[in-house]
$ cat final.cif   # mmCIF, C-alpha atoms
data_work
loop_
_atom_site.label_atom_id
_atom_site.label_comp_id
_atom_site.auth_asym_id
_atom_site.auth_seq_id
_atom_site.Cartn_x
_atom_site.Cartn_y
_atom_site.Cartn_z
CA MET Y 1 92.05 125.18 95.12
CA ARG Y 2 94.03 128.41 95.13
CA ILE Y 3 95.12 128.55 91.48
CA ARG Y 4 93.15 131.66 90.51
CA SER Y 5 94.15 133.68 93.58
CA LEU Y 6 97.83 132.74 93.20
CA ARG Y 7 97.73 133.60 89.48
CA LYS Y 8 96.09 136.97 90.15
CA THR Y 9 98.54 137.75 92.97
CA ARG Y 10 101.33 137.48 90.40
CA GLY Y 11 99.39 139.68 87.98
CA TRP Y 12 99.27 136.89 85.40
CA SER Y 13 96.48 136.37 82.90
CA LEU Y 14 95.01 132.97 82.14
CA ASP Y 15 97.16 132.94 79.00
CA ASN Y 16 100.35 133.63 81.00
CA LEU Y 17 99.84 130.77 83.44
CA ALA Y 18 98.50 128.40 80.80
CA GLU Y 19 101.60 128.93 78.66
CA ARG Y 20 103.95 128.43 81.62
CA ALA Y 21 102.10 125.25 82.66
CA GLY Y 22 101.80 123.88 79.13
CA ILE Y 23 98.00 123.67 79.07
CA SER Y 24 95.38 125.55 77.10
CA PRO Y 25 93.80 128.71 78.56
CA SER Y 26 90.33 127.18 78.18
CA GLN Y 27 91.39 124.11 80.21
CA LEU Y 28 92.89 126.36 82.88
CA SER Y 29 89.73 128.46 83.02
CA ARG Y 30 87.56 125.36 83.52
CA ILE Y 31 89.95 124.07 86.21
CA GLU Y 32 89.84 127.40 88.06
CA THR Y 33 86.04 127.54 87.98
CA GLY Y 34 85.63 123.91 89.01
CA HIS Y 35 84.04 122.88 85.72
CA ARG Y 36 86.86 120.47 84.98
CA ARG Y 37 88.67 118.04 87.23
CA ILE Y 38 92.38 118.55 87.33
CA SER Y 39 94.72 115.67 86.52
CA LEU Y 40 97.84 115.06 88.58
CA ASP Y 41 100.16 116.02 85.72
CA GLN Y 42 98.27 119.32 85.25
CA LEU Y 43 98.39 119.98 89.00
CA ILE Y 44 102.15 119.41 89.06
CA ALA Y 45 102.71 121.63 85.99
CA ILE Y 46 100.63 124.45 87.48
CA SER Y 47 102.34 124.20 90.87
CA GLU Y 48 105.77 124.37 89.20
CA ALA Y 49 104.69 127.33 87.05
CA LEU Y 50 103.49 129.17 90.16
CA GLY Y 51 106.51 128.13 92.22
CA LYS Y 52 104.32 126.56 94.89
CA SER Y 53 104.22 123.10 96.44
CA LEU Y 54 101.22 120.88 95.81
CA ASP Y 55 100.14 121.39 99.42
CA GLU Y 56 100.24 125.17 99.03
CA LEU Y 57 98.23 124.93 95.83
CA VAL Y 58 95.37 122.89 97.26
CA GLU Y 59 95.18 124.29 100.79
CA SER Y 60 92.22 126.48 101.59
CA PRO Y 61 93.09 130.09 102.39
CA ASP Y 62 90.30 130.18 105.00
CA ASP Y 63 88.13 127.84 107.03
CA SER Y 64 85.66 127.12 104.21
CA ASP Y 65 86.94 123.56 103.85
CA VAL Y 66 86.37 122.91 107.56
CA VAL Y 67 83.30 124.83 108.70
CA ILE Y 68 79.90 123.81 107.33
CA ARG Y 69 77.56 126.75 107.50
CA PRO Y 70 73.78 126.37 107.47
CA GLU Y 71 71.57 127.55 104.65
CA ARG Y 72 68.19 128.78 105.81
CA ASN Y 73 64.98 128.72 103.80
CA GLU Y 74 62.43 130.50 105.99
CA ALA Y 75 59.63 130.05 103.44
CA ARG Y 76 59.99 126.25 103.66
CA GLY Y 77 60.76 126.15 107.40
CA LEU Y 78 64.07 124.45 106.68
CA THR Y 79 67.71 124.89 107.64
CA THR Y 80 70.23 122.67 105.83
CA TRP Y 81 73.85 121.73 106.50
CA LEU Y 82 75.31 120.10 103.37
CA LEU Y 83 77.74 117.45 104.68
CA THR Y 84 79.07 116.18 101.35
CA ARG Y 85 81.00 118.40 98.98
CA GLY Y 86 81.07 118.20 95.23
CA ASP Y 87 80.20 115.02 93.42
CA SER Y 88 80.52 112.06 95.75
CA PRO Y 89 81.68 108.89 94.00
CA GLN Y 90 78.38 107.17 94.76
CA GLY Y 91 76.34 110.15 93.51
CA LEU Y 92 74.73 110.59 96.94
CA THR Y 93 74.31 113.71 99.04
CA VAL Y 94 74.29 113.68 102.83
CA ALA Y 95 72.76 116.60 104.70
CA LYS Y 96 71.50 117.49 108.14
CA MET Y 97 68.18 119.35 108.15
CA ARG Y 98 66.28 121.21 110.84
CA ILE Y 99 62.57 121.22 110.02
CA THR Y 100 60.40 123.87 111.68
CA ASP Y 101 57.41 123.74 109.32
CA GLN Y 102 54.67 122.21 111.45
CA ALA Y 103 52.57 119.14 110.69
CA GLY Y 104 49.05 119.77 109.51
CA SER Y 105 50.11 122.54 107.14
CA VAL Y 106 50.45 120.24 104.12
CA THR Y 107 48.36 120.70 101.00
CA PRO Y 108 48.37 118.44 97.94
CA ASP Y 109 50.56 121.06 96.22
CA ASP Y 110 53.22 120.55 98.92
CA LEU Y 111 53.65 116.86 98.07
CA GLY Y 112 56.52 116.35 95.62
CA VAL Y 113 57.60 113.46 93.43
CA HIS Y 114 60.85 112.68 91.66
CA PRO Y 115 62.67 109.54 90.51
CA GLY Y 116 64.72 107.65 93.09
CA ARG Y 117 64.64 106.95 96.83
CA ASP Y 118 65.02 109.13 99.91
CA TRP Y 119 66.34 107.98 103.26
CA PHE Y 120 66.38 109.85 106.56
CA THR Y 121 66.90 109.22 110.25
CA VAL Y 122 65.47 111.47 112.93
CA LEU Y 123 68.16 112.87 115.23
CA SER Y 124 65.80 114.85 117.48
CA GLY Y 125 62.11 115.69 117.66
CA ILE Y 126 59.35 114.02 115.66
CA VAL Y 127 58.94 114.14 111.90
CA VAL Y 128 55.63 113.64 110.16
CA LEU Y 129 56.14 111.95 106.78
CA TYR Y 130 53.30 112.54 104.35
CA LEU Y 131 53.60 109.65 101.91
CA GLY Y 132 50.74 109.54 99.42
CA GLU Y 133 47.58 109.06 101.48
CA ARG Y 134 49.56 107.92 104.53
CA VAL Y 135 50.68 110.07 107.46
CA ILE Y 136 53.58 108.44 109.32
CA ARG Y 137 55.19 109.68 112.56
CA VAL Y 138 58.93 109.03 112.70
CA GLU Y 139 60.50 109.63 116.11
CA ALA Y 140 64.08 110.29 117.23
CA GLY Y 141 66.20 107.20 116.65
CA GLN Y 142 63.95 105.89 113.88
CA ALA Y 143 64.60 105.98 110.14
CA ALA Y 144 62.52 105.89 106.98
CA SER Y 145 63.24 104.95 103.37
CA PHE Y 146 60.74 105.27 100.54
CA SER Y 147 60.25 105.54 96.81
CA THR Y 148 60.12 109.17 95.84
CA MET Y 149 57.69 108.48 93.03
CA THR Y 150 55.09 108.45 95.82
CA PRO Y 151 54.03 112.05 96.59
CA HIS Y 152 55.80 113.04 99.82
CA ALA Y 153 56.63 115.85 102.25
CA LEU Y 154 58.23 116.15 105.69
CA ARG Y 155 57.01 118.35 108.54
CA SER Y 156 57.91 118.60 112.22
CA ASP Y 157 55.51 117.73 115.02
CA ARG Y 158 55.32 119.85 118.19
CA GLY Y 159 58.54 121.79 117.70
CA PRO Y 160 61.63 121.61 115.54
CA ALA Y 161 62.99 118.27 114.36
CA GLU Y 162 66.44 117.43 113.03
CA VAL Y 163 67.11 114.72 110.47
CA LEU Y 164 70.08 113.27 108.65
CA VAL Y 165 69.16 112.64 105.00
CA ILE Y 166 70.81 110.70 102.20
CA LEU Y 167 69.60 111.76 98.78
CA ASP Y 168 70.38 110.63 95.27
CA HIS Y 169 70.93 113.27 92.57
CA ASN Y 170 67.19 113.70 91.91
CA GLY Y 171 66.45 114.03 95.61
CA GLU Y 172 69.18 116.62 96.05
CA ARG Y 173 67.80 118.67 93.18
CA SER Y 174 64.25 118.46 94.52
CA HIS Y 175 64.90 118.98 98.23
CA LEU Y 176 68.00 121.16 98.46
CA ASN Y 177 68.01 123.37 95.37
CA THR Y 178 64.49 124.70 95.48
#
$ encode --input "final.cif" --output "structure tokens"
Amino acid sequence: MRIRSLRKTRGWSLDNLAERAGISPSQLSRIETGHRRISLDQLIAISEALGKSLDELVESPDDSDVVIRPERNEARGLTTWLLTRGDSPQGLTVAKMRITDQAGSVTPDDLGVHPGRDWFTVLSGIVVLYLGERVIRVEAGQAASFSTMTPHALRSDRGPAEVLVILDHNGERSHLNT
């Protein structure tokens, strides 16, 4: 959403735009920072105050809404492409991951637990799933689903592996934000 940049281009403060749009400055601030969802009536009021169409207000000024850039975590041997944006209605996160951390390098401290379930399918390579006492090889074209209350970790076997993962909120917090 381009509200902040359009407001600043005009040299308006939060108070100026809020008054013109008929909303409180605190509401406008939370809308601009993404901490509050905008209602249609607020969106219309803001677009009219700025003299912009709804399309102009919500269009991205760059390619950030199109291009998904990887986030690398060298320490964990992981590159992640986050495929869902914001809060999905189902509360699930979809991501593609490239795993380069090799099998055999897992210690008990590496095995994590959290409430919920994880699901992944292997796109390329071989993934070794450490699931409690079990060591399970999951090859390209295969998928796995498991309770995340069982200690678990993923590693690649004989070269990088790529997976598509679906995580609930707890899985996202544990696997993507660490």
$ closest_residue --input "final.cif" --among "Y:Arg4, Y:His169, Y:Arg36, Y:Arg98" --to "Y:Pro115" --atoms "all atoms listed in the file"
Y:His169
$ atom_distance --input "final.cif" --atom1 "atom CA of Y:Val106" --atom2 "atom CA of Y:Ile166"
22.6 Å
$ closest_residue --input "final.cif" --among "Y:Leu167, Y:Ala153, Y:Val94, Y:Ile126" --to "Y:Gly112" --atoms "all atoms listed in the file"
Y:Ala153
$ atom_distance --input "final.cif" --atom1 "atom CA of Y:Thr80" --atom2 "atom CA of Y:Asp157"
18.0 Å
$ resolve_selection --input "final.cif" --expression "the PyMOL selection byres ((chain Y and resi 100) around 6)" --output "ChimeraX atom specification"
/Y:77,99,101-102,156,160
$ atom_distance --input "final.cif" --atom1 "atom CA of Y:Pro25" --atom2 "atom CA of Y:Leu54"
20.3 Å
$ resolve_selection --input "final.cif" --expression "the PyMOL selection byres ((chain Y and resi 10-24) around 10)" --output "ChimeraX atom specification"
/Y:3-9,25-29,32,41-50
$ residues_around --input "final.cif" --residues "Y:Val128" --least-positions-apart "6" --cutoff "6 Å" --atoms "all atoms listed in the file" --output "list of chain:residue names"
Y:Ile136, Y:Arg137, Y:Leu154, Y:Arg155, Y:Ser156
$ residues_around --input "final.cif" --residues "stretch 146-152 of chain Y" --least-positions-apart "3" --cutoff "10 Å" --atoms "all atoms listed in the file" --output "list in words"
Val106, Pro108, Asp109, Asp110, Leu111, Gly112, Val113, His114, Pro115, Gly116, Arg117, Asp118, Trp119, Phe120, Leu129, Tyr130, Leu131, Gly132, Glu133, Arg134, Val135, Asn170 and Gly171 of chain Y
$ residues_near_point --input "final.cif" --point "(71.4, 129.3, 101.3)" --cutoff "10 Å" --atoms "all atoms listed in the file" --output "list in words"
Arg69, Pro70, Glu71, Arg72, Asn73, Thr79, Thr80, Trp81, Leu176 and Asn177 of chain Y
$ axis_aligned_box --input "final.cif" --around "stretch 124-136 of chain Y" --padding-each-side "3 Å" --output "JSON"
{"center_x": 56.7, "center_y": 111.8, "center_z": 108.5, "size_x": 24.2, "size_y": 13.8, "size_z": 24.2}
